[in-house]
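One structure is given below, encoded as structure tokens.
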Amino acid sequence: MKAIIRRAINRWVMWRIDRRLYRAHPQLRERHAAIKAARRAHKPTKQIINDQQQDMLRLLRENM
């Protein structure tokens, strides 16, 4: 039971973080949707994920 509650809380916290991040930087949301669509279509996602990680790293460095 504790695991289910912890998982639900974790998902809610991550949803809130993603929501704030994607509102501040819409290009990250678009790329996330592209990754999701590529996975569903069984297409390669490595380049899209690498671009996403580079953008997120750049944003983190700018805010520090």
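Please note that chains go A, B, ... in the order of the structure tokens, that every chain numbers its residues from 1, and that ligands are numbered from 1 in the order shown.
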
Exercise. Contacts of region 14-29 of chain A at 9 Å or less, counting only C-alpha atoms, minus same-chain residues fewer than 6 places along, as a VMD selection string?
Worked result: chain A and resid 52 55 to 56

Selection from above, all heavy atoms, as a PDB file, in the first residue's frame, can you write it?
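Dumped everything to again22.pdb:
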ATOM      1  N   GLN A  52      17.119  17.214 -26.638  1.00  0.00           N
ATOM      2  CA  GLN A  52      16.346  17.600 -25.454  1.00  0.00           C
ATOM      3  C   GLN A  52      17.268  17.751 -24.243  1.00  0.00           C
ATOM      4  O   GLN A  52      17.178  18.718 -23.499  1.00  0.00           O
ATOM      5  CB  GLN A  52      15.266  16.544 -25.181  1.00  0.00           C
ATOM      6  CG  GLN A  52      14.410  16.806 -23.984  1.00  0.00           C
ATOM      7  CD  GLN A  52      13.241  17.705 -24.275  1.00  0.00           C
ATOM      8  OE1 GLN A  52      13.345  18.621 -25.077  1.00  0.00           O
ATOM      9  NE2 GLN A  52      12.142  17.462 -23.630  1.00  0.00           N
ATOM     10  N   ASP A  55      19.395  20.938 -24.544  1.00  0.00           N
ATOM     11  CA  ASP A  55      18.615  22.141 -24.239  1.00  0.00           C
ATOM     12  C   ASP A  55      18.367  22.284 -22.744  1.00  0.00           C
ATOM     13  O   ASP A  55      18.482  23.378 -22.193  1.00  0.00           O
ATOM     14  CB  ASP A  55      17.269  22.111 -24.971  1.00  0.00           C
ATOM     15  CG  ASP A  55      17.368  22.630 -26.386  1.00  0.00           C
ATOM     16  OD1 ASP A  55      18.462  23.114 -26.760  1.00  0.00           O
ATOM     17  OD2 ASP A  55      16.367  22.554 -27.107  1.00  0.00           O
ATOM     18  N   MET A  56      18.037  21.178 -22.081  1.00  0.00           N
ATOM     19  CA  MET A  56      17.779  21.241 -20.648  1.00  0.00           C
ATOM     20  C   MET A  56      19.056  21.596 -19.888  1.00  0.00           C
ATOM     21  O   MET A  56      19.025  22.384 -18.946  1.00  0.00           O
ATOM     22  CB  MET A  56      17.194  19.924 -20.160  1.00  0.00           C
ATOM     23  CG  MET A  56      15.803  19.681 -20.692  1.00  0.00           C
ATOM     24  SD  MET A  56      15.135  18.106 -20.204  1.00  0.00           S
ATOM     25  CE  MET A  56      14.305  18.560 -18.723  1.00  0.00           C
TER      26      MET A  56
END

Would you mind reading off the distance between CA of Ala41 (chain A) and CA of Gln54 (chain A), one decimal, in Å?
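Computing it gives 23.7 Å between the two atoms.
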
Distance criterion (only C-alpha atoms): nearest to Ile48 (chain A) out of A:Arg7, A:Lys36, A:Arg61, A:Lys2 =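 With only C-alpha atoms as the atom set, the closest residue is A:Lys36.
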
(message) Nearest residue to Arg31 (chain A) out of A:Ile9, A:Arg58, A:Met1, A:Gln47, using only C-alpha atoms?
(response)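 Among the listed residues, the smallest separation from Arg31 (chain A) belongs to A:Gln47.
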
Straight-line distance linking CA of Gln53 (chain A) with CA of His32 (chain A), stated in Å to one decimal
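Rounded to one decimal, the two atoms are 10.8 Å apart.
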
Worksheet entry | Å distance separating CA of Ile49 (chain A) from CA of Ala33 (chain A), one decimal place |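 Distance between the two atoms: 11.2 Å.
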